[in-house]
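Source file: input.txt. Holds: compact mmCIF, C-alpha atoms and all ligand atoms.
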# COMPACT_ATOMS: atom_id res chain seq x y z
CA MET A 1 -14.36 8.11 -1.96
CA PRO A 2 -14.11 5.57 0.86
CA GLU A 3 -16.62 6.40 3.61
CA LEU A 4 -17.20 4.96 7.09
CA PRO A 5 -18.18 1.40 5.94
CA GLU A 6 -15.15 1.09 3.65
CA VAL A 7 -12.72 2.39 6.30
CA GLU A 8 -14.31 0.11 8.90
CA THR A 9 -13.86 -2.83 6.50
CA VAL A 10 -10.15 -2.01 6.29
CA ARG A 11 -9.96 -1.61 10.08
CA VAL A 12 -11.54 -5.00 10.80
CA SER A 13 -9.21 -6.68 8.31
CA LEU A 14 -6.04 -5.08 9.71
CA ALA A 15 -7.07 -5.66 13.34
CA ARG A 16 -7.14 -9.38 12.57
CA ASP A 17 -3.41 -9.76 11.97
CA MET A 18 -1.53 -6.47 12.49
CA ILE A 19 -1.71 -6.25 16.28
CA GLY A 20 1.63 -7.09 17.88
CA ARG A 21 3.60 -6.68 14.65
CA LYS A 22 6.77 -4.64 14.83
CA ILE A 23 7.61 -2.08 12.15
CA LYS A 24 11.09 -2.73 10.78
CA ALA A 25 11.33 -0.13 8.03
CA VAL A 26 9.20 2.45 6.24
CA THR A 27 9.78 3.55 2.66
CA VAL A 28 8.16 6.71 1.28
CA THR A 29 8.37 7.19 -2.49
CA ASN A 30 5.92 10.11 -2.75
CA GLY A 31 6.36 12.79 -0.09
CA ARG A 32 2.95 14.28 -0.86
CA VAL A 33 1.15 11.58 1.12
CA VAL A 34 3.12 12.46 4.30
CA ARG A 35 2.75 16.21 3.73
CA ARG A 36 2.00 17.05 7.38
CA HIS A 37 5.58 16.09 8.28
CA LYS A 38 8.70 18.21 7.71
CA SER A 39 10.19 15.34 5.73
CA ALA A 40 9.65 11.69 4.89
CA LYS A 41 12.59 10.97 7.21
CA ASP A 42 10.76 12.59 10.12
CA PHE A 43 7.67 10.43 9.36
CA ARG A 44 9.75 7.23 9.15
CA ALA A 45 11.62 7.91 12.36
CA LEU A 46 8.34 8.10 14.31
CA LEU A 47 7.34 4.62 13.12
CA GLU A 48 10.43 2.44 12.79
CA GLY A 49 11.04 0.08 15.71
CA HIS A 50 7.51 0.41 17.11
CA SER A 51 4.86 -2.29 17.45
CA ILE A 52 1.15 -2.02 16.67
CA LYS A 53 -1.11 -2.06 19.71
CA ALA A 54 -4.58 -1.45 18.24
CA VAL A 55 -6.38 -0.54 15.02
CA GLN A 56 -9.23 1.93 15.41
CA ARG A 57 -11.33 4.31 13.33
CA LEU A 58 -12.93 7.72 13.71
CA GLY A 59 -15.03 9.10 10.86
CA LYS A 60 -13.16 8.31 7.65
CA TYR A 61 -9.79 8.09 9.47
CA LEU A 62 -8.05 4.81 10.20
CA ILE A 63 -6.03 4.96 13.42
CA ILE A 64 -3.14 2.61 14.21
CA GLU A 65 -2.00 2.89 17.83
CA LEU A 66 1.71 2.30 18.46
CA ASP A 67 3.38 0.87 21.57
CA ASN A 68 4.51 4.38 22.64
CA SER A 69 0.88 5.64 22.52
CA ASN A 70 1.49 7.68 19.36
CA HIS A 71 -0.89 7.04 16.46
CA LEU A 72 -0.39 6.46 12.77
CA VAL A 73 -3.42 8.13 11.18
CA ILE A 74 -4.45 7.27 7.61
CA HIS A 75 -7.06 8.96 5.40
CA LEU A 76 -7.69 7.18 2.11
CA GLY A 77 -8.73 10.39 0.32
CA MET A 78 -10.46 9.70 -3.01
CA SER A 79 -8.68 6.56 -4.16
CA GLY A 80 -6.33 5.32 -1.41
CA GLN A 81 -5.88 1.61 -0.76
CA LEU A 82 -4.04 -0.23 2.00
CA LEU A 83 -2.82 -3.58 0.74
CA ARG A 84 -0.98 -6.33 2.57
CA ALA A 85 1.83 -8.22 0.89
CA LYS A 86 3.65 -11.39 1.95
CA GLY A 87 7.03 -9.79 1.36
CA ALA A 88 9.15 -7.36 -0.65
CA LYS A 89 9.15 -9.78 -3.62
CA ASP A 90 5.38 -9.43 -4.17
CA PRO A 91 4.99 -7.14 -7.22
CA LYS A 92 4.19 -3.58 -6.17
CA PRO A 93 1.09 -2.01 -7.73
CA LYS A 94 1.52 1.24 -9.63
CA HIS A 95 1.12 4.32 -7.38
CA THR A 96 2.53 2.60 -4.27
CA HIS A 97 3.64 5.60 -2.21
CA VAL A 98 4.43 4.12 1.21
CA VAL A 99 5.62 0.65 2.24
CA ILE A 100 5.63 -0.39 5.88
CA SER A 101 7.72 -3.55 6.38
CA PHE A 102 7.35 -5.68 9.47
CA THR A 103 10.04 -7.72 11.19
CA GLN A 104 8.41 -10.99 10.07
CA GLY A 105 8.78 -9.92 6.42
CA GLU A 106 5.21 -8.94 5.55
CA GLU A 107 4.39 -5.49 4.21
CA LEU A 108 1.52 -3.03 4.35
CA ARG A 109 1.44 -0.79 1.30
CA TYR A 110 -0.33 2.50 0.69
CA VAL A 111 -1.43 2.85 -2.93
CA ASP A 112 -3.19 6.00 -4.16
CA PRO A 113 -3.48 6.97 -7.87
CA ARG A 114 -4.92 10.42 -7.13
CA THR A 115 -2.75 11.15 -4.06
CA PHE A 116 -5.49 12.97 -2.12
CA GLY A 117 -5.05 10.62 0.82
CA GLU A 118 -2.51 11.05 3.58
CA LEU A 119 -0.63 9.35 6.41
CA PHE A 120 0.72 11.08 9.50
CA VAL A 121 1.95 10.20 12.96
CA SER A 122 0.16 12.05 15.72
CA GLN A 123 2.18 12.44 18.90
CA ARG A 124 0.09 11.95 21.98
CA PRO A 125 -0.30 15.18 23.96
CA PRO A 126 0.32 15.25 27.75
CA GLU A 127 -2.65 14.07 29.87
CA ASP A 128 -3.41 17.61 31.07
CA ALA A 129 -3.23 19.23 27.61
CA GLU A 130 -6.26 21.29 26.58
CA VAL A 131 -7.73 19.78 23.42
CA GLU A 132 -10.56 21.66 21.77
CA ILE A 133 -13.16 19.01 20.96
CA SER A 134 -15.93 19.60 18.41
CA LYS A 135 -19.10 20.90 20.07
CA PHE A 136 -21.10 18.21 18.29
CA ALA A 137 -18.81 15.40 19.48
CA ARG A 138 -19.13 16.75 23.01
CA LEU A 139 -22.82 15.73 22.90
CA SER A 140 -21.66 12.10 22.99
CA ILE A 141 -22.50 10.15 26.14
CA GLY A 142 -20.23 7.14 25.53
CA GLY A 143 -18.08 5.15 23.14
CA GLU A 144 -14.44 5.48 22.16
CA GLY A 145 -14.71 8.71 20.20
CA LEU A 146 -14.00 11.32 22.87
CA GLY A 147 -10.95 9.42 24.12
CA LEU A 148 -9.57 9.19 20.58
CA ARG A 149 -10.04 12.94 20.02
CA HIS A 150 -8.17 13.71 23.27
CA GLN A 151 -5.28 11.48 22.21
CA ILE A 152 -5.21 12.71 18.59
CA PRO A 153 -5.76 16.50 18.56
CA GLU A 154 -5.63 16.55 14.73
CA LEU A 155 -9.00 14.70 14.80
CA ALA A 156 -10.61 16.73 17.60
CA HIS A 157 -12.60 18.80 15.07
CA LEU A 158 -14.52 15.75 13.82
CA GLY A 159 -18.25 15.71 14.46
CA ILE A 160 -20.29 12.76 15.73
CA ASP A 161 -19.14 9.33 14.55
CA PRO A 162 -22.28 7.18 14.21
CA PHE A 163 -20.58 4.21 15.94
CA GLU A 164 -17.66 5.50 18.01
CA ASP A 165 -19.78 8.19 19.66
CA GLN A 166 -23.09 7.56 21.37
CA ILE A 167 -25.94 9.98 20.92
CA GLY A 168 -29.58 9.09 21.12
CA TRP A 169 -32.11 10.45 18.66
CA ASP A 170 -32.89 13.38 21.03
CA ARG A 171 -29.33 14.74 20.85
CA PHE A 172 -29.28 14.04 17.12
CA ALA A 173 -32.47 16.15 16.99
CA ALA A 174 -30.71 19.03 18.74
CA ILE A 175 -27.98 18.99 16.08
CA LEU A 176 -30.49 18.98 13.19
CA ARG A 177 -32.60 21.72 14.76
CA SER A 178 -29.55 23.99 14.96
CA ARG A 179 -28.95 23.84 11.18
CA SER A 180 -30.95 25.57 8.47
CA THR A 181 -28.97 24.03 5.57
CA ALA A 182 -30.09 21.12 3.37
CA LEU A 183 -30.07 17.68 5.02
CA LYS A 184 -27.52 16.29 2.58
CA ILE A 185 -25.08 19.12 3.36
CA VAL A 186 -25.45 18.52 7.11
CA LEU A 187 -25.02 14.73 6.81
CA THR A 188 -21.84 15.02 4.74
CA ASP A 189 -20.21 17.81 6.80
CA GLN A 190 -17.41 15.93 8.62
CA ASP A 191 -17.36 18.57 11.37
CA ILE A 192 -21.02 17.77 12.19
CA ILE A 193 -21.28 14.02 11.46
CA ALA A 194 -18.05 12.17 10.70
CA GLY A 195 -17.88 9.26 8.28
CA ILE A 196 -20.82 9.82 5.94
CA GLY A 197 -20.12 10.91 2.36
CA ASN A 198 -22.03 11.03 -0.88
CA ILE A 199 -23.10 7.37 -1.11
CA TYR A 200 -24.34 6.80 2.42
CA ALA A 201 -26.02 10.20 2.71
CA ASP A 202 -28.13 9.43 -0.38
CA GLU A 203 -28.90 5.89 0.79
CA SER A 204 -29.79 6.99 4.34
CA LEU A 205 -32.05 9.78 3.09
CA PHE A 206 -33.86 7.34 0.80
CA ALA A 207 -34.25 4.83 3.66
CA ALA A 208 -35.69 7.62 5.82
CA ALA A 209 -37.95 8.81 2.94
CA LEU A 210 -36.56 12.34 3.19
CA MET A 211 -35.62 14.73 0.37
CA TYR A 212 -31.96 15.79 0.29
CA ASP A 213 -32.81 19.49 0.20
CA ARG A 214 -35.08 19.65 3.23
CA PRO A 215 -33.69 22.21 5.68
CA ALA A 216 -32.36 20.12 8.60
CA GLU A 217 -34.29 22.25 11.11
CA SER A 218 -37.62 21.52 9.38
CA LEU A 219 -37.82 17.83 10.33
CA SER A 220 -40.55 16.58 12.64
CA THR A 221 -39.69 14.38 15.62
CA ILE A 222 -40.88 11.30 13.74
CA GLU A 223 -38.71 12.19 10.74
CA ILE A 224 -35.65 12.75 12.94
CA ARG A 225 -36.11 9.36 14.59
CA ARG A 226 -36.50 7.75 11.16
CA LEU A 227 -33.29 9.36 9.88
CA HIS A 228 -31.35 8.49 13.03
CA ARG A 229 -32.36 4.85 12.67
CA ALA A 230 -31.79 4.81 8.88
CA ILE A 231 -28.19 6.05 9.21
CA SER A 232 -27.15 3.33 11.62
CA GLU A 233 -29.01 0.60 9.70
CA ILE A 234 -27.56 1.58 6.32
CA LEU A 235 -24.00 1.87 7.67
CA THR A 236 -24.31 -1.46 9.52
CA GLU A 237 -25.56 -3.23 6.37
CA ALA A 238 -22.81 -1.66 4.25
CA ILE A 239 -20.12 -2.85 6.71
CA LYS A 240 -21.64 -6.35 6.59
CA HIS A 241 -21.14 -6.33 2.81
CA GLY A 242 -17.56 -5.05 2.94
CA GLY A 243 -18.47 -1.53 1.75
CA SER A 244 -19.25 -0.32 -1.78
CA THR A 245 -16.92 -0.68 -4.76
CA LEU A 246 -17.78 1.52 -7.74
CA ALA A 247 -16.32 1.38 -11.23
CA ASP A 248 -14.62 4.78 -11.08
CA GLU A 249 -13.09 4.66 -7.61
CA GLN A 250 -12.04 1.10 -6.98
CA PHE A 251 -12.26 0.46 -3.27
CA VAL A 252 -10.74 -2.84 -2.18
CA ASN A 253 -9.97 -4.32 1.25
CA PRO A 254 -6.35 -5.06 2.31
CA ASP A 255 -6.57 -8.45 0.57
CA GLY A 256 -7.46 -6.73 -2.70
CA LYS A 257 -11.14 -7.81 -2.61
CA PRO A 258 -13.96 -5.41 -3.53
CA GLY A 259 -17.05 -4.84 -1.38
CA ASN A 260 -20.52 -5.68 -2.70
CA TYR A 261 -22.85 -3.22 -1.02
CA GLN A 262 -23.19 -1.38 -4.36
CA GLU A 263 -25.53 -4.24 -5.34
CA TYR A 264 -27.87 -3.10 -2.57
CA HIS A 265 -27.86 0.63 -3.37
CA GLN A 266 -31.42 1.90 -3.73
CA VAL A 267 -30.61 5.25 -5.34
CA TYR A 268 -26.86 5.92 -5.54
CA ASN A 269 -25.57 5.74 -9.13
CA ARG A 270 -29.03 4.62 -10.36
CA GLU A 271 -30.12 7.69 -12.36
CA GLY A 272 -32.95 6.80 -14.78
CA LEU A 273 -33.35 3.27 -13.40
CA PRO A 274 -36.69 2.37 -11.78
CA CYS A 275 -37.03 2.92 -8.04
CA TYR A 276 -37.28 -0.49 -6.34
CA GLN A 277 -40.25 0.77 -4.32
CA CYS A 278 -42.38 2.78 -6.75
CA ARG A 279 -40.90 2.07 -10.23
CA GLN A 280 -40.47 5.80 -11.02
CA PRO A 281 -37.04 6.63 -12.51
CA ILE A 282 -34.38 7.67 -9.95
CA LYS A 283 -33.33 11.30 -10.40
CA ARG A 284 -29.95 13.00 -10.10
CA VAL A 285 -29.04 16.60 -9.35
CA THR A 286 -25.70 18.27 -8.73
CA LEU A 287 -25.39 19.73 -5.25
CA ARG A 288 -22.20 21.62 -4.37
CA GLY A 289 -20.42 19.98 -7.29
CA ARG A 290 -21.40 16.42 -6.41
CA SER A 291 -24.15 14.13 -7.65
CA THR A 292 -27.17 13.50 -5.46
CA PHE A 293 -29.51 10.60 -6.28
CA PHE A 294 -33.08 10.37 -5.01
CA CYS A 295 -36.64 9.29 -5.78
CA ASP A 296 -38.94 12.29 -5.69
CA LYS A 297 -41.98 10.08 -5.22
CA CYS A 298 -40.69 8.07 -2.25
CA GLN A 299 -38.81 10.94 -0.58
CA GLY A 300 -40.52 14.04 0.69
ZN ZN B 401 -39.58 5.60 -5.38
Starting from the file, give its structure as structure tokens.
Amino acid sequence: MPELPEVETVRVSLARDMIGRKIKAVTVTNGRVVRRHKSAKDFRALLEGHSIKAVQRLGKYLIIELDNSNHLVIHLGMSGQLLRAKGAKDPKPKHTHVVISFTQGEELRYVDPRTFGELFVSQRPPEDAEVEISKFARLSIGGEGLGLRHQIPELAHLGIDPFEDQIGWDRFAAILRSRSTALKIVLTDQDIIAGIGNIYADESLFAAALMYDRPAESLSTIEIRRLHRAISEILTEAIKHGGSTLADEQFVNPDGKPGNYQEYHQVYNREGLPCYQCRQPIKRVTLRGRSTFFCDKCQG
């Protein structure tokens, strides 16, 4: 499933050439991906004729701001891809569910074999509207995150975004100390920390030398600072490498190119292979239905 680094990779790519483009027409061939709307027609009507003002991100959501201050919000789900095409004549990949055509002829296509992803247009609430923001996000002292949640109430529940919200390690400590659940569960709960999923939780925990099942509240100050730093370092590195592309869920950027951060994974998807630090085999357990990879010698 695409996580923060993969969505950020898409954002950076789209921000390069989508800003200022005007949407001419939208075609929806699978209504499931626009399920928040009454109909595909309703979704299309909110987009057609509008230009793109900005491309942003919050957690695993890609946010395209329109010239009327509404936002097209996209979640790639398990297997969603946004692909640019030069024009309608470019062959359409199988499972293309939405095509956004621009006045200059180019297209942006949403492709999703498993159809867990979604697109919706969020209508900006009035300035004085009461939006209930996540109590974790409210700990933020800067960044774009709070503004985005006010403008897009559907995303107000999201927890701290490691880049769009600013919290120092001390506020991060307050969050961890309020949770008795396993670290991995806390890190991947989108309502606590937004953007981290299975891959980057495992990689961050390895980088911080912490076991996935440690109760979050049990960490010492030094361990909290280590984890806080590890999360931002791992995510930054992953973005630099264009995200991770795994064999089963083929993430690609809008130009169809895979990321290569999977070559730098220390534990994820490496069950039985030697740990790069201690040579012991990497272990795997199933936690809440999903695989967790770790080194029980290096992590404690
Ligand atoms: Zn090890």
task: Identify, on the basis of only C-alpha atoms, every residue whose closest approach to A:Pro113 does not exceed 10 Å; exclude the query and any residue fewer than 4 positions from it along the same chain; express the result as a PyMOL selection string.
output: chain A and resi 78-81+94-97+117+249
What does the file look like for those residues with C-alpha atoms, as a JSON list (two decimals), in the coordinates of the input?
[["chain", "number", "residue", "atom", "x", "y", "z"],
["A", 78, "MET", "CA", -10.46, 9.70, -3.01],
["A", 79, "SER", "CA", -8.68, 6.56, -4.16],
["A", 80, "GLY", "CA", -6.33, 5.32, -1.41],
["A", 81, "GLN", "CA", -5.88, 1.61, -0.76],
["A", 94, "LYS", "CA", 1.52, 1.24, -9.63],
["A", 95, "HIS", "CA", 1.12, 4.32, -7.38],
["A", 96, "THR", "CA", 2.53, 2.60, -4.27],
["A", 97, "HIS", "CA", 3.64, 5.60, -2.21],
["A", 117, "GLY", "CA", -5.05, 10.62, 0.82],
["A", 249, "GLU", "CA", -13.09, 4.66, -7.61]]
Non-local contacts of stretch 257-261 of chain A (12 Å; only C-alpha atoms; under 2 positions in same chain excluded) as a ChimeraX atom specification: /A:2,5-10,13,81-84,199-200,203,234-247,249-255,263-266,268
- request: Please extract the residues at most 12 Å from ligand ZN 401 (chain B), counting only C-alpha atoms and all ligand atoms, and provide them as a ChimeraX atom specification, using the chain letters and residue numbers of this document.
  value: /A:206-207,209-211,266-267,270-283,293-300
Write the residues of the selection above to a file with C-alpha atoms, as a PDB file, in the frame of the given file.
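Result file follows (part-v4.pdb):
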ATOM      1  CA  PHE A 206     -33.860   7.340   0.800  1.00  0.00           C
ATOM      2  CA  ALA A 207     -34.250   4.830   3.660  1.00  0.00           C
ATOM      3  CA  ALA A 209     -37.950   8.810   2.940  1.00  0.00           C
ATOM      4  CA  LEU A 210     -36.560  12.340   3.190  1.00  0.00           C
ATOM      5  CA  MET A 211     -35.620  14.730   0.370  1.00  0.00           C
ATOM      6  CA  GLN A 266     -31.420   1.900  -3.730  1.00  0.00           C
ATOM      7  CA  VAL A 267     -30.610   5.250  -5.340  1.00  0.00           C
ATOM      8  CA  ARG A 270     -29.030   4.620 -10.360  1.00  0.00           C
ATOM      9  CA  GLU A 271     -30.120   7.690 -12.360  1.00  0.00           C
ATOM     10  CA  GLY A 272     -32.950   6.800 -14.780  1.00  0.00           C
ATOM     11  CA  LEU A 273     -33.350   3.270 -13.400  1.00  0.00           C
ATOM     12  CA  PRO A 274     -36.690   2.370 -11.780  1.00  0.00           C
ATOM     13  CA  CYS A 275     -37.030   2.920  -8.040  1.00  0.00           C
ATOM     14  CA  TYR A 276     -37.280  -0.490  -6.340  1.00  0.00           C
ATOM     15  CA  GLN A 277     -40.250   0.770  -4.320  1.00  0.00           C
ATOM     16  CA  CYS A 278     -42.380   2.780  -6.750  1.00  0.00           C
ATOM     17  CA  ARG A 279     -40.900   2.070 -10.230  1.00  0.00           C
ATOM     18  CA  GLN A 280     -40.470   5.800 -11.020  1.00  0.00           C
ATOM     19  CA  PRO A 281     -37.040   6.630 -12.510  1.00  0.00           C
ATOM     20  CA  ILE A 282     -34.380   7.670  -9.950  1.00  0.00           C
ATOM     21  CA  LYS A 283     -33.330  11.300 -10.400  1.00  0.00           C
ATOM     22  CA  PHE A 293     -29.510  10.600  -6.280  1.00  0.00           C
ATOM     23  CA  PHE A 294     -33.080  10.370  -5.010  1.00  0.00           C
ATOM     24  CA  CYS A 295     -36.640   9.290  -5.780  1.00  0.00           C
ATOM     25  CA  ASP A 296     -38.940  12.290  -5.690  1.00  0.00           C
ATOM     26  CA  LYS A 297     -41.980  10.080  -5.220  1.00  0.00           C
ATOM     27  CA  CYS A 298     -40.690   8.070  -2.250  1.00  0.00           C
ATOM     28  CA  GLN A 299     -38.810  10.940  -0.580  1.00  0.00           C
ATOM     29  CA  GLY A 300     -40.520  14.040   0.690  1.00  0.00           C
TER      30      GLY A 300
END
message: What does the structure give for the distance between atom CA of A:Lys60 and atom CA of A:Leu205, in Å to one decimal?
response: 19.5 Å
With 9 Å as the cut-off and all atoms listed in the file counted, what is the closest atom pair between each nearby residue of stretch 125-212 of chain A and stretch 38-59 of chain A? Distances in Å to one decimal, ordered by chain and number, as JSON lines.
{"residue": "A:Glu144", "atom": "CA", "partner": "A:Leu58", "partner_atom": "CA", "distance": 8.9}
{"residue": "A:Gly145", "atom": "CA", "partner": "A:Leu58", "partner_atom": "CA", "distance": 6.8}
{"residue": "A:Leu148", "atom": "CA", "partner": "A:Leu58", "partner_atom": "CA", "distance": 7.8}
{"residue": "A:Arg149", "atom": "CA", "partner": "A:Leu58", "partner_atom": "CA", "distance": 8.7}
{"residue": "A:Leu155", "atom": "CA", "partner": "A:Leu58", "partner_atom": "CA", "distance": 8.1}
{"residue": "A:Leu158", "atom": "CA", "partner": "A:Gly59", "partner_atom": "CA", "distance": 7.3}
{"residue": "A:Gly159", "atom": "CA", "partner": "A:Gly59", "partner_atom": "CA", "distance": 8.2}
{"residue": "A:Ile160", "atom": "CA", "partner": "A:Gly59", "partner_atom": "CA", "distance": 8.0}
{"residue": "A:Asp161", "atom": "CA", "partner": "A:Gly59", "partner_atom": "CA", "distance": 5.5}
{"residue": "A:Pro162", "atom": "CA", "partner": "A:Gly59", "partner_atom": "CA", "distance": 8.2}
{"residue": "A:Phe163", "atom": "CA", "partner": "A:Leu58", "partner_atom": "CA", "distance": 8.7}
{"residue": "A:Glu164", "atom": "CA", "partner": "A:Leu58", "partner_atom": "CA", "distance": 6.8}
{"residue": "A:Gln190", "atom": "CA", "partner": "A:Gly59", "partner_atom": "CA", "distance": 7.6}
{"residue": "A:Ile193", "atom": "CA", "partner": "A:Gly59", "partner_atom": "CA", "distance": 8.0}
{"residue": "A:Ala194", "atom": "CA", "partner": "A:Gly59", "partner_atom": "CA", "distance": 4.3}
{"residue": "A:Gly195", "atom": "CA", "partner": "A:Gly59", "partner_atom": "CA", "distance": 3.8}
{"residue": "A:Ile196", "atom": "CA", "partner": "A:Gly59", "partner_atom": "CA", "distance": 7.6}
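Atom CA of A:Glu154 lies 23.9 Å from atom CA of A:Phe172.
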- prompt: Leaving out A:Ile152 and any residue of its chain fewer than 6 positions from it, which residues lie within 8 Å of it when counting all atoms listed in the file, given as a VMD selection string?
  reply: chain A and resid 71 122 to 125
message: Just want the 7 Å neighbourhood of A:Val34, counted on only C-alpha atoms, with same-chain residues fewer than 3 positions away dropped. Output as a PyMOL selection string.
response: chain A and resi 31+37+40+118-120
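Distances to A:Gly105 were evaluated for A:Asp202, A:Asp90, A:Asp170, A:Asp191 using all atoms listed in the file, and the minimum falls at A:Asp90.
Of note, atom CA of A:Val12 and atom CA of A:Leu66 are spaced 17.0 Å apart.
The closest residue to A:Leu76, picked from A:Arg225, A:Leu139, A:Glu3, A:Arg21 and counting only C-alpha atoms, is A:Glu3.
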query: Excluding same-chain residues fewer than 5 positions from A:Leu183, what lies within 9 Å of it counting all atoms listed in the file, as a ChimeraX atom specification?
result: /A:176,188,201,205,210-217
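Remark: for A:Arg114, the closest of the candidate residues A:Arg32, A:Lys89, A:Lys135, A:His150 is A:Arg32 (distances computed over only C-alpha atoms).
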query: Between A:Leu227, A:Ala137, A:Ala182, A:Leu187, which is the closest to A:Leu287 once you count all atoms listed in the file?
result: A:Ala182
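Nearest-residue note for A:Asp189: choosing from A:Ala25, A:Ile64, A:His157, A:Ser140, the minimum distance belongs to A:His157, counting all atoms listed in the file.
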Export stretch 207-226 of chain A, N, CA and C atoms, as a PDB file, in the first residue's frame; it's the structure right above.
ATOM      1  N   ALA A 207      15.403   1.164  12.750  1.00  0.00           N
ATOM      2  CA  ALA A 207      16.382   2.271  12.830  1.00  0.00           C
ATOM      3  C   ALA A 207      16.488   2.802  14.258  1.00  0.00           C
ATOM      4  N   ALA A 208      15.388   2.721  15.004  1.00  0.00           N
ATOM      5  CA  ALA A 208      15.396   3.211  16.388  1.00  0.00           C
ATOM      6  C   ALA A 208      15.753   2.102  17.378  1.00  0.00           C
ATOM      7  N   ALA A 209      16.027   0.885  16.862  1.00  0.00           N
ATOM      8  CA  ALA A 209      16.383  -0.277  17.688  1.00  0.00           C
ATOM      9  C   ALA A 209      15.318  -0.607  18.726  1.00  0.00           C
ATOM     10  N   LEU A 210      14.043  -0.498  18.301  1.00  0.00           N
ATOM     11  CA  LEU A 210      12.937  -0.776  19.221  1.00  0.00           C
ATOM     12  C   LEU A 210      12.076  -1.919  18.705  1.00  0.00           C
ATOM     13  N   MET A 211      11.659  -2.815  19.604  1.00  0.00           N
ATOM     14  CA  MET A 211      10.780  -3.921  19.227  1.00  0.00           C
ATOM     15  C   MET A 211       9.371  -3.396  18.957  1.00  0.00           C
ATOM     16  N   TYR A 212       8.739  -4.010  17.944  1.00  0.00           N
ATOM     17  CA  TYR A 212       7.402  -3.576  17.501  1.00  0.00           C
ATOM     18  C   TYR A 212       6.338  -3.689  18.590  1.00  0.00           C
ATOM     19  N   ASP A 213       6.555  -4.629  19.538  1.00  0.00           N
ATOM     20  CA  ASP A 213       5.489  -4.891  20.516  1.00  0.00           C
ATOM     21  C   ASP A 213       5.694  -4.184  21.855  1.00  0.00           C
ATOM     22  N   ARG A 214       6.694  -3.317  21.921  1.00  0.00           N
ATOM     23  CA  ARG A 214       6.860  -2.546  23.158  1.00  0.00           C
ATOM     24  C   ARG A 214       5.642  -1.659  23.366  1.00  0.00           C
ATOM     25  N   PRO A 215       5.054  -1.656  24.578  1.00  0.00           N
ATOM     26  CA  PRO A 215       3.959  -0.710  24.798  1.00  0.00           C
ATOM     27  C   PRO A 215       4.500   0.716  24.608  1.00  0.00           C
ATOM     28  N   ALA A 216       3.755   1.551  23.854  1.00  0.00           N
ATOM     29  CA  ALA A 216       4.255   2.890  23.534  1.00  0.00           C
ATOM     30  C   ALA A 216       4.618   3.665  24.797  1.00  0.00           C
ATOM     31  N   GLU A 217       3.843   3.479  25.858  1.00  0.00           N
ATOM     32  CA  GLU A 217       4.055   4.251  27.089  1.00  0.00           C
ATOM     33  C   GLU A 217       5.322   3.821  27.849  1.00  0.00           C
ATOM     34  N   SER A 218       5.934   2.696  27.427  1.00  0.00           N
ATOM     35  CA  SER A 218       7.074   2.177  28.194  1.00  0.00           C
ATOM     36  C   SER A 218       8.421   2.771  27.761  1.00  0.00           C
ATOM     37  N   LEU A 219       8.415   3.596  26.708  1.00  0.00           N
ATOM     38  CA  LEU A 219       9.694   4.088  26.181  1.00  0.00           C
ATOM     39  C   LEU A 219      10.337   5.135  27.100  1.00  0.00           C
ATOM     40  N   SER A 220      11.669   5.051  27.193  1.00  0.00           N
ATOM     41  CA  SER A 220      12.405   6.073  27.942  1.00  0.00           C
ATOM     42  C   SER A 220      12.531   7.324  27.071  1.00  0.00           C
ATOM     43  N   THR A 221      12.943   8.411  27.671  1.00  0.00           N
ATOM     44  CA  THR A 221      13.119   9.665  26.920  1.00  0.00           C
ATOM     45  C   THR A 221      14.107   9.482  25.768  1.00  0.00           C
ATOM     46  N   ILE A 222      15.187   8.779  26.041  1.00  0.00           N
ATOM     47  CA  ILE A 222      16.196   8.559  24.991  1.00  0.00           C
ATOM     48  C   ILE A 222      15.608   7.751  23.840  1.00  0.00           C
ATOM     49  N   GLU A 223      14.800   6.743  24.167  1.00  0.00           N
ATOM     50  CA  GLU A 223      14.180   5.914  23.127  1.00  0.00           C
ATOM     51  C   GLU A 223      13.177   6.725  22.303  1.00  0.00           C
ATOM     52  N   ILE A 224      12.427   7.584  22.965  1.00  0.00           N
ATOM     53  CA  ILE A 224      11.453   8.420  22.248  1.00  0.00           C
ATOM     54  C   ILE A 224      12.170   9.342  21.270  1.00  0.00           C
ATOM     55  N   ARG A 225      13.252   9.950  21.726  1.00  0.00           N
ATOM     56  CA  ARG A 225      14.011  10.855  20.847  1.00  0.00           C
ATOM     57  C   ARG A 225      14.583  10.092  19.668  1.00  0.00           C
ATOM     58  N   ARG A 226      15.029   8.857  19.918  1.00  0.00           N
ATOM     59  CA  ARG A 226      15.587   8.024  18.852  1.00  0.00           C
ATOM     60  C   ARG A 226      14.511   7.689  17.807  1.00  0.00           C
TER      61      ARG A 226
END
